[in-house]
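Structure file my_file.cif (mmCIF, C-alpha atoms and all ligand atoms) follows.
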```cif
data_entry
#
loop_
_atom_site.label_atom_id
_atom_site.label_comp_id
_atom_site.auth_asym_id
_atom_site.auth_seq_id
_atom_site.Cartn_x
_atom_site.Cartn_y
_atom_site.Cartn_z
CA MET A 1 135.32 331.06 66.57
CA ARG A 2 135.01 329.44 69.93
CA THR A 3 134.88 325.74 70.46
CA LEU A 4 131.53 324.10 70.81
CA GLU A 5 132.38 323.40 74.42
CA GLU A 6 132.74 327.09 75.15
CA VAL A 7 129.57 327.93 73.29
CA GLY A 8 127.76 325.21 75.18
CA THR A 9 128.77 326.79 78.44
CA ARG A 10 126.96 329.91 77.37
CA LEU A 11 123.96 327.86 76.39
CA HIS A 12 123.73 326.15 79.73
CA ARG A 13 123.94 329.38 81.63
CA ARG A 14 121.36 331.02 79.52
CA HIS A 15 118.33 332.01 81.48
CA PHE A 16 115.77 334.30 80.03
CA LEU A 17 115.65 337.55 81.96
CA MET A 18 117.83 336.21 84.74
CA GLY A 19 120.01 339.22 84.26
CA ALA A 20 117.31 341.75 85.00
CA SER A 21 119.14 344.38 86.93
CA ALA A 22 119.92 348.05 87.15
CA ALA A 23 122.36 347.61 84.28
CA VAL A 24 119.68 346.10 82.08
CA GLY A 25 117.20 348.80 83.02
CA SER A 26 119.70 351.47 82.16
CA ALA A 27 120.50 349.82 78.87
CA ILE A 28 116.84 349.90 77.95
CA LEU A 29 116.55 353.52 78.95
CA ALA A 30 119.60 354.39 76.90
CA ALA A 31 118.36 352.50 73.88
CA CYS A 32 114.94 354.06 73.98
CA GLY A 33 115.86 357.61 74.76
CA GLY A 34 115.05 357.70 78.45
CA GLY A 35 116.87 360.58 80.03
CA THR A 36 117.44 359.21 83.48
CA ALA A 37 119.86 356.40 82.86
CA THR A 38 122.37 356.40 85.68
CA ASP A 39 124.51 353.51 84.64
CA THR A 40 126.17 352.87 81.33
CA PRO A 41 126.27 349.45 79.78
CA LYS A 42 129.46 347.56 80.43
CA ALA A 43 131.97 346.55 77.83
CA PRO A 44 131.61 349.21 75.15
CA ALA A 45 130.96 347.73 71.78
CA PRO A 46 132.88 348.69 68.67
CA THR A 47 131.45 351.63 66.80
CA THR A 48 131.13 349.57 63.72
CA ALA A 49 130.31 345.95 63.44
CA PRO A 50 132.57 343.62 61.57
CA THR A 51 131.81 343.54 57.92
CA THR A 52 131.49 340.01 56.76
CA ALA A 53 129.74 340.14 53.48
CA ALA A 54 129.80 342.22 50.38
CA PRO A 55 127.51 345.22 50.64
CA THR A 56 124.35 345.27 48.64
CA SER A 57 124.28 347.61 45.74
CA ALA A 58 121.75 350.11 46.93
CA ALA A 59 121.92 349.74 50.66
CA ALA A 60 122.73 352.86 52.59
CA ALA A 61 124.19 352.29 56.00
CA ALA A 62 123.85 354.76 58.80
CA THR A 63 126.26 354.23 61.64
CA ARG A 64 125.76 356.01 64.90
CA PRO A 65 129.01 356.50 66.78
CA ALA A 66 129.07 355.44 70.39
CA GLY A 67 128.22 358.30 72.66
CA SER A 68 126.39 360.34 70.09
CA VAL A 69 123.38 361.92 71.65
CA ALA A 70 121.68 363.89 68.94
CA ALA A 71 120.08 362.86 65.73
CA SER A 72 122.29 365.33 63.94
CA ALA A 73 125.33 363.40 65.06
CA ILE A 74 124.34 360.47 62.92
CA VAL A 75 126.54 360.21 59.91
CA THR A 76 125.66 358.41 56.78
CA THR A 77 128.61 356.48 55.53
CA ALA A 78 129.39 354.82 52.28
CA PRO A 79 127.75 351.44 51.96
CA ALA A 80 131.10 349.70 52.18
CA ALA A 81 131.66 350.99 55.69
CA SER A 82 129.12 348.84 57.42
CA THR A 83 126.39 347.05 55.67
CA THR A 84 124.21 344.21 56.63
CA ALA A 85 123.94 341.95 53.69
CA SER A 86 122.68 338.53 52.95
CA SER A 87 123.21 336.38 49.95
CA ALA A 88 120.13 336.26 47.83
CA THR A 89 117.69 338.27 49.83
CA ALA A 90 119.60 341.36 50.74
CA ILE A 91 117.82 344.51 51.72
CA GLY A 92 117.25 346.49 48.59
CA SER A 93 117.23 350.20 49.17
CA ALA A 94 116.74 350.11 52.92
CA ALA A 95 118.77 352.06 55.40
CA VAL A 96 120.54 350.02 58.01
CA VAL A 97 120.99 351.38 61.48
CA THR A 98 123.74 350.36 63.83
CA ARG A 99 123.32 351.17 67.45
CA PRO A 100 126.45 350.42 69.40
CA ALA A 101 126.28 350.09 73.14
CA GLY A 102 126.35 353.35 74.96
CA SER A 103 124.83 355.49 72.29
CA ALA A 104 121.96 357.49 73.62
CA VAL A 105 119.37 358.61 71.15
CA ALA A 106 116.71 361.22 71.45
CA SER A 107 114.10 358.69 70.54
CA SER A 108 113.85 355.72 68.30
CA VAL A 109 111.50 357.62 66.06
CA SER A 110 113.88 360.47 65.41
CA ALA A 111 116.70 358.02 64.93
CA THR A 112 114.71 356.35 62.25
CA THR A 113 114.01 359.62 60.51
CA ALA A 114 117.61 360.72 60.71
CA SER A 115 118.90 357.51 59.26
CA GLY A 116 117.30 358.36 55.97
CA SER A 117 113.70 357.35 56.40
CA ALA A 118 114.42 353.70 56.81
CA VAL A 119 112.02 351.55 54.95
CA ALA A 120 111.29 347.91 54.70
CA GLY A 121 113.47 345.49 52.94
CA THR A 122 112.75 343.87 49.67
CA THR A 123 109.28 342.69 49.13
CA GLY A 124 109.65 339.20 47.90
CA SER A 125 107.27 336.72 46.42
CA GLY A 126 103.94 336.49 48.12
CA GLY A 127 104.24 339.96 49.58
CA ILE A 128 106.56 338.85 52.33
CA GLN A 129 109.23 341.42 53.08
CA THR A 130 112.70 340.53 54.30
CA MET A 131 114.45 342.05 57.29
CA VAL A 132 118.09 341.18 57.81
CA ILE A 133 119.61 341.41 61.27
CA GLU A 134 123.31 341.10 61.88
CA ALA A 135 124.10 340.08 65.44
CA PHE A 136 127.64 340.72 66.65
CA ASP A 137 129.56 340.95 69.94
CA PHE A 138 127.70 342.99 71.16
CA GLY A 139 125.00 344.65 69.16
CA TYR A 140 122.65 344.39 66.21
CA LYS A 141 122.64 345.98 62.84
CA THR A 142 119.23 346.18 61.26
CA LEU A 143 116.46 348.50 60.19
CA GLY A 144 115.32 351.15 62.65
CA SER A 145 111.84 351.02 61.22
CA THR A 146 109.81 348.70 59.06
CA PRO A 147 106.23 348.47 57.86
CA GLY A 148 104.23 345.74 59.55
CA GLY A 149 102.99 342.57 57.99
CA GLN A 150 104.51 339.23 57.13
CA THR A 151 108.25 339.63 57.50
CA ARG A 152 111.02 337.16 56.84
CA VAL A 153 113.49 337.87 59.64
CA GLN A 154 116.96 336.56 58.88
CA MET A 155 119.59 336.77 61.60
CA LYS A 156 123.25 336.30 60.80
CA ASN A 157 125.64 335.90 63.72
CA THR A 158 129.01 337.44 62.91
CA GLY A 159 130.19 337.35 66.52
CA LYS A 160 132.11 334.80 68.55
CA GLU A 161 129.31 334.20 71.05
CA ILE A 162 125.90 332.62 70.49
CA HIS A 163 123.09 335.14 70.04
CA HIS A 164 119.37 335.33 69.47
CA GLY A 165 116.89 338.10 68.78
CA GLN A 166 113.85 338.37 71.04
CA PHE A 167 111.17 340.71 69.65
CA MET A 168 109.30 342.44 72.48
CA LEU A 169 106.32 344.64 71.62
CA LEU A 170 105.66 347.33 74.19
CA ASN A 171 102.03 347.04 75.21
CA THR A 172 99.69 349.91 74.41
CA GLY A 173 100.48 352.95 76.50
CA VAL A 174 103.74 351.55 77.83
CA THR A 175 106.75 353.84 77.50
CA PRO A 176 110.36 352.69 77.19
CA ASP A 177 111.03 354.52 80.47
CA GLN A 178 108.47 352.35 82.24
CA LEU A 179 110.05 349.21 80.87
CA GLY A 180 113.53 350.34 81.80
CA ALA A 181 112.40 351.18 85.31
CA ALA A 182 110.80 347.76 85.71
CA PHE A 183 113.94 345.99 84.52
CA ALA A 184 116.01 348.09 86.89
CA LYS A 185 114.20 346.52 89.84
CA GLY A 186 115.91 343.23 89.11
CA GLU A 187 114.13 340.03 90.03
CA GLN A 188 111.48 341.99 91.91
CA GLY A 189 110.52 343.76 88.72
CA LEU A 190 110.16 340.75 86.47
CA GLY A 191 106.44 340.33 87.02
CA GLU A 192 106.05 343.97 86.08
CA VAL A 193 108.25 343.52 83.01
CA PHE A 194 106.13 340.60 81.83
CA GLY A 195 103.04 342.79 82.07
CA LEU A 196 104.50 345.58 79.97
CA VAL A 197 105.48 343.68 76.85
CA THR A 198 104.15 341.10 74.45
CA GLN A 199 106.68 338.47 73.46
CA ALA A 200 106.55 338.48 69.68
CA GLY A 201 109.02 335.73 68.76
CA GLY A 202 112.23 336.20 66.81
CA PRO A 203 115.20 334.19 65.60
CA GLY A 204 116.31 331.55 68.10
CA VAL A 205 119.80 330.71 69.31
CA THR A 206 122.20 331.13 66.41
CA LEU A 207 125.76 329.81 66.35
CA PRO A 208 128.67 332.07 65.43
CA GLY A 209 129.00 332.11 61.67
CA SER A 210 125.47 330.81 61.15
CA SER A 211 122.17 332.27 60.05
CA THR A 212 118.67 331.46 61.23
CA GLU A 213 115.27 332.56 60.01
CA VAL A 214 111.72 333.07 61.19
CA ILE A 215 108.68 334.71 59.61
CA LEU A 216 106.80 337.11 61.87
CA ASN A 217 103.55 338.91 61.16
CA LEU A 218 104.62 342.20 62.71
CA THR A 219 101.90 344.45 64.08
CA GLU A 220 102.23 348.19 64.39
CA GLY A 221 104.00 349.44 67.49
CA GLN A 222 107.27 350.02 69.29
CA TYR A 223 109.45 346.94 69.59
CA LEU A 224 112.75 346.13 71.21
CA ILE A 225 114.98 343.38 69.85
CA ALA A 226 117.07 341.91 72.65
CA CYS A 227 119.57 339.16 73.36
CA PHE A 228 119.07 337.63 76.80
CA ILE A 229 121.92 335.17 76.48
CA ALA A 230 124.59 335.74 79.10
CA GLY A 231 128.28 335.12 78.76
CA ALA A 232 130.70 333.75 81.30
CA ASP A 233 130.24 336.92 83.35
CA HIS A 234 126.48 336.23 83.66
CA ILE A 235 125.68 339.63 82.20
CA PRO A 236 123.05 339.30 79.48
CA HIS A 237 124.17 340.57 76.11
CA LEU A 238 121.36 343.09 76.06
CA ALA A 239 123.15 344.99 78.80
CA LYS A 240 126.19 345.21 76.54
CA GLY A 241 124.43 346.72 73.58
CA MET A 242 122.27 343.95 72.13
CA LEU A 243 119.11 345.96 72.49
CA MET A 244 117.67 347.56 69.39
CA PRO A 245 114.53 349.69 69.15
CA LEU A 246 112.41 348.82 66.13
CA LYS A 247 109.47 350.94 65.08
CA VAL A 248 106.88 348.99 63.15
CA THR A 249 104.50 351.12 61.11
CA ALA A 250 101.17 350.15 59.63
CA ALA A 251 101.23 347.28 57.21
CA PRO A 252 100.72 348.53 53.65
CA ALA A 253 98.60 345.54 52.75
CA ALA A 254 97.77 342.26 54.33
CA ALA A 255 99.96 339.50 52.97
CA ALA A 256 98.90 335.92 53.34
CA ALA A 257 100.98 333.71 55.57
CA PRO A 258 103.09 331.30 53.56
CA ALA A 259 102.22 327.65 53.40
CA VAL A 260 103.82 325.56 56.11
CA ASN A 261 104.62 321.89 56.62
CA ASP A 262 102.89 321.60 59.97
CA THR A 263 101.93 323.30 63.23
CA ILE A 264 103.87 323.05 66.48
CA THR A 265 102.04 323.88 69.67
CA MET A 266 103.72 325.06 72.87
CA PHE A 267 101.91 324.75 76.18
CA ASP A 268 102.62 324.61 79.93
CA PHE A 269 104.98 322.66 79.78
CA ASN A 270 105.70 320.73 76.62
CA PHE A 271 105.39 320.72 72.84
CA THR A 272 102.90 319.03 70.56
CA MET A 273 104.73 318.30 67.33
CA PRO A 274 105.50 315.56 64.81
CA ASP A 275 107.99 312.90 65.90
CA THR A 276 109.73 313.24 62.56
CA LEU A 277 110.47 316.33 60.49
CA PRO A 278 111.70 316.22 56.89
CA ALA A 279 115.32 316.97 56.06
CA GLY A 280 115.96 320.03 53.95
CA LYS A 281 113.90 323.18 53.94
CA SER A 282 110.71 323.21 55.96
CA MET A 283 108.48 325.71 57.80
CA TYR A 284 106.26 325.37 60.85
CA THR A 285 103.65 327.58 62.37
CA VAL A 286 104.49 327.84 66.05
CA ILE A 287 101.66 328.73 68.40
CA ASN A 288 101.62 329.20 72.15
CA THR A 289 98.48 327.93 73.83
CA GLY A 290 99.98 328.02 77.31
CA VAL A 291 99.44 330.62 79.99
CA GLN A 292 103.11 331.48 80.18
CA PHE A 293 105.23 332.60 77.26
CA HIS A 294 107.35 329.93 75.60
CA GLU A 295 109.93 329.42 72.89
CA PHE A 296 110.58 326.66 70.37
CA ASN A 297 114.33 326.46 70.00
CA ILE A 298 115.90 323.38 68.49
CA GLY A 299 119.26 321.68 68.75
CA GLN A 300 120.87 318.80 66.92
CA ILE A 301 122.11 315.97 69.12
CA PRO A 302 125.63 314.86 68.18
CA PRO A 303 126.24 311.17 67.43
CA GLY A 304 126.55 309.12 70.60
CA LYS A 305 124.37 311.45 72.66
CA THR A 306 120.67 311.15 73.48
CA VAL A 307 117.71 313.22 74.61
CA ASP A 308 118.37 311.96 78.13
CA ASP A 309 121.87 313.41 77.91
CA VAL A 310 120.33 316.77 77.01
CA LYS A 311 117.98 316.55 79.99
CA ALA A 312 120.84 315.64 82.32
CA TYR A 313 122.90 318.48 80.92
CA TYR A 314 120.25 321.06 81.72
CA ALA A 315 119.38 319.49 85.05
CA ALA A 316 122.96 319.86 86.27
CA THR A 317 123.49 322.81 88.55
CA THR A 318 127.00 323.35 87.29
CA VAL A 319 128.04 323.18 83.67
CA PRO A 320 129.07 319.61 82.87
CA ALA A 321 132.53 319.11 81.41
CA GLY A 322 132.93 318.41 77.74
CA PRO A 323 130.98 319.54 74.71
CA PRO A 324 127.23 320.02 75.18
CA PRO A 325 124.91 317.27 73.92
CA LEU A 326 123.17 319.61 71.53
CA ILE A 327 124.10 322.07 68.81
CA PRO A 328 121.76 325.09 68.66
CA MET A 329 120.02 325.42 65.30
CA GLY A 330 117.70 328.37 65.80
CA GLY A 331 113.95 328.15 66.11
CA MET A 332 111.23 330.50 67.28
CA ASN A 333 111.97 332.71 70.25
CA ALA A 334 109.45 333.44 72.99
CA LEU A 335 105.81 334.03 72.13
CA THR A 336 103.18 335.34 74.51
CA LYS A 337 100.04 333.20 74.84
CA GLY A 338 98.02 333.28 71.64
CA ASN A 339 100.86 334.59 69.50
CA THR A 340 102.15 332.72 66.50
CA GLY A 341 105.14 332.84 64.20
CA ILE A 342 106.73 330.64 61.57
CA ALA A 343 109.99 328.80 62.19
CA VAL A 344 112.05 328.26 59.04
CA PHE A 345 114.56 325.42 58.96
CA ASP A 346 117.00 323.76 56.61
CA LEU A 347 117.91 320.63 58.53
CA THR A 348 120.26 317.74 58.02
CA PRO A 349 119.17 314.25 59.09
CA GLY A 350 119.78 313.28 62.69
CA ASN A 351 118.45 313.38 66.21
CA TYR A 352 117.19 316.68 67.58
CA VAL A 353 115.55 318.26 70.59
CA ALA A 354 113.03 321.04 70.93
CA ILE A 355 113.69 323.08 74.04
CA CYS A 356 112.22 326.04 75.91
CA ASN A 357 114.62 327.93 78.14
CA VAL A 358 112.38 330.71 79.38
CA PRO A 359 111.84 330.81 83.14
CA ASP A 360 108.76 329.80 85.06
CA GLN A 361 106.93 333.10 85.31
CA SER A 362 104.68 332.00 88.15
CA LYS A 363 107.29 332.72 90.77
CA PRO A 364 110.39 334.83 91.28
CA ASN A 365 113.58 333.16 90.13
CA GLY A 366 111.59 330.40 88.51
CA ASP A 367 113.23 327.36 86.98
CA SER A 368 113.71 327.16 83.24
CA HIS A 369 110.83 325.52 81.43
CA ALA A 370 113.40 323.00 80.25
CA HIS A 371 113.40 321.75 83.82
CA LEU A 372 109.62 321.51 83.82
CA GLY A 373 109.33 319.23 80.82
CA MET A 374 110.00 321.39 77.78
CA ILE A 375 112.70 319.20 76.26
CA LYS A 376 111.31 316.96 73.53
CA GLY A 377 113.23 314.76 71.15
CA PHE A 378 112.45 314.41 67.45
CA ILE A 379 114.06 312.95 64.35
CA VAL A 380 114.95 314.58 61.06
CA LYS A 381 115.13 312.27 58.05
CU CU B 401 108.34 327.43 77.92
#
```

Would you give me this structure, written as structure tokens?
Ligand SMILES: [Cu+2]
Amino acid sequence: MRTLEEVGTRLHRRHFLMGASAAVGSAILAACGGGTATDTPKAPAPTTAPTTAAPTSAAAAATRPAGSVAASAIVTTAPAASTTASSATAIGSAAVVTRPAGSAVASSVSATTASGSAVAGTTGSGGIQTMVIEAFDFGYKTLGSTPGGQTRVQMKNTGKEIHHGQFMLLNTGVTPDQLGAAFAKGEQGLGEVFGLVTQAGGPGVTLPGSSTEVILNLTEGQYLIACFIAGADHIPHLAKGMLMPLKVTAAPAAAAAPAVNDTITMFDFNFTMPDTLPAGKSMYTVINTGVQFHEFNIGQIPPGKTVDDVKAYYAATTVPAGPPPLIPMGGMNALTKGNTGIAVFDLTPGNYVAICNVPDQSKPNGDSHAHLGMIKGFIVK
């Protein structure tokens, strides 16, 4: 595990979509089955993710070797080989799909079929299903397909870098090829990219060795799960394999949203939220009423540091020396205007900040929203 200082460097450099480039476009094409990818993602990922937890009893894991191009090349391995598991809420009989960087698939739909008709995870109390995502350096292991509806999305980071999982729903009629082509235009294509997808939330920044959770009411459609965090090389992780197609099918039945502690509103450019949140487990409906898309990520402020230190840290043009003045603790990733999701926390007392790191979408190369006012302190007690 890296030191907090190293992780903080990644955090500071993070800039949603800043890495839009030909490499990112190609990665999207490769992930979604586009046939015209001309560039392969850098830094090939391992063909199997590290196994960090005991496999669940009935989980079948399908691992696609890097470079496999046909559905028939997918091999189903014993559960012990690579299984995403989570303590009490493991996926029951669901198939887990690993898509290492560089693997080209015919289409996400056929991949899903070939993996053994992947189905949703366990349906828990209240009709809320659970979807476990393992994030590693650099890729995701999770379901290739899931029914829609209220879904508890748990992300476990088994890598050495910080990761998140941004759910992007391709708008009606949009093909993965279109999205890949827009990304490939780099900064010039960002406006186009924003018009092709709906930001549907997802687990926020998650420290190595940690887990975070959100509840999303997934609607039917083709999604991509992506990590836009960049490492020291400024290449976003999605270009290295952290890009996972997810097919969401019709919801079997409407499940009621769980009860929450409160509502947190994101707008251009701040948050409306309580000054104090309770320690322990709590849940918040997060809604975006702004024009631009926003996220509600949170970080704990270490003793001796303040909200002003966090603001100064992000305002600096070069990464300040020393450990960062905040420790990422997850939250709700970006939501398009009008979208909602539920952030699930289990917090220890202390000082915290809410922060939005997505860029100003009103201009090319826009500043992070954090620079425009979306850093807000709150207390947990
Ligand atoms: Cu924002």

- Message: Under the rule that only C-alpha atoms and all ligand atoms are counted, which of A:Phe271, A:Phe136, A:Tyr352, A:Phe167 is the nearest residue to ligand CU 401 (chain B)?
- Response: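 With only C-alpha atoms and all ligand atoms as the atom set, the closest residue is A:Phe271.
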
- Message: Can you tell me which residues surround Thr249 of chain A at a distance of at most 9 Å, considering only C-alpha atoms, apart from same-chain residues fewer than 2 positions away, and format the answer as a PyMOL selection string?
- Response: chain A and resi 145-148+219-222+247+251-252

- Message: Can you pull out every residue with an atom within 12 Å of ligand CU 401 (chain B)? Use only C-alpha atoms and all ligand atoms and format it as a VMD selection string.
- Response: chain A and resid 15 to 16 265 to 271 287 to 297 332 to 337 354 to 362 366 to 376

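For the pair atom CA of Thr151 of chain A and atom CA of Gly231 of chain A, the separation is 29.6 Å.
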
- Message: Using Å and a single decimal, report how far atom CA of Glu161 of chain A sits from atom CA of Gly209 of chain A.
- Response: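 So the answer is 9.6 Å.
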
- Item | Close residues, Thr263 of chain A itself excluded, 7 Å, only C-alpha atoms, min 6 positions apart in chain, as a list in words | Tyr284, Thr285 and Val286 of chain A

- Task: Name the residues in contact with segment 324-326 of chain A at a cut-off of 6 Å, using all atoms listed in the file, excluding same-chain residues fewer than 5 positions from it; report them as a ChimeraX atom specification.
- Result: /A:8,299-301,305,310

Output for the residues just chosen: C-alpha atoms as an mmCIF file, in the coordinates of the input:
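Here's the written file selection08.cif:
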```
data_model
loop_
_atom_site.group_PDB
_atom_site.id
_atom_site.type_symbol
_atom_site.label_atom_id
_atom_site.label_comp_id
_atom_site.auth_asym_id
_atom_site.auth_seq_id
_atom_site.Cartn_x
_atom_site.Cartn_y
_atom_site.Cartn_z
ATOM 1 C CA GLY A 8 127.760 325.210 75.180
ATOM 2 C CA GLY A 299 119.260 321.680 68.750
ATOM 3 C CA GLN A 300 120.870 318.800 66.920
ATOM 4 C CA ILE A 301 122.110 315.970 69.120
ATOM 5 C CA LYS A 305 124.370 311.450 72.660
ATOM 6 C CA VAL A 310 120.330 316.770 77.010
#
```

- Message: I'd like the interatomic distance between atom CA of Ile225 of chain A and atom CA of Gly202 of chain A, to a tenth of an Å.
- Response: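 Pair atom CA of Ile225 of chain A / atom CA of Gly202 of chain A returns 8.3 Å.
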
Please define a box with edges along x, y and z of the file around all atoms of segment 302-313 of chain A given in the file, extend it by 3 Å on each side, and return its centre and edge lengths in Å to one decimal, as lines of an AutoDock Vina configuration file.
```
center_x = 122.1
center_y = 313.8
center_z = 74.9
size_x = 14.8
size_y = 15.4
size_z = 20.9
```

Find the spatial neighbours of Ile379 of chain A, counting only C-alpha atoms, within a cut-off of 7 Å - ignore same-chain residues fewer than 4 positions away - and output them as an mmCIF file with C-alpha atoms, keeping the file's coordinate frame.
```cif
data_model
loop_
_atom_site.group_PDB
_atom_site.id
_atom_site.type_symbol
_atom_site.label_atom_id
_atom_site.label_comp_id
_atom_site.auth_asym_id
_atom_site.auth_seq_id
_atom_site.Cartn_x
_atom_site.Cartn_y
_atom_site.Cartn_z
ATOM 1 C CA ASP A 275 107.990 312.900 65.900
ATOM 2 C CA THR A 276 109.730 313.240 62.560
ATOM 3 C CA LEU A 277 110.470 316.330 60.490
ATOM 4 C CA GLY A 350 119.780 313.280 62.690
ATOM 5 C CA ASN A 351 118.450 313.380 66.210
ATOM 6 C CA TYR A 352 117.190 316.680 67.580
#
```

- Task: Using all atoms listed in the file, pick whichever of A:Thr172, A:Thr206, A:Gly127, A:Leu224 has the shortest atom-to-atom distance to Leu143 of chain A.
- Result: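 Checking each candidate against Leu143 of chain A, we get A:Leu224 as the closest.
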
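The closest residue to Lys311 of chain A, picked from A:Ile264, A:Met329, A:Pro278, A:Gly377 and counting all atoms listed in the file, is A:Gly377.
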
- Message: With distances taken over all atoms listed in the file, which residue among A:Gln188, A:Gln150, A:Thr340, A:Thr212 lies nearest Ile133 of chain A?
- Response: A:Thr212

- Message: Using only C-alpha atoms, can you tell me which of A:Pro274, A:Asn217, A:Lys281, A:Ser210 comes closest to Ala250 of chain A?
- Response: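 Answer, going by the shortest atom-to-atom distance: A:Asn217.
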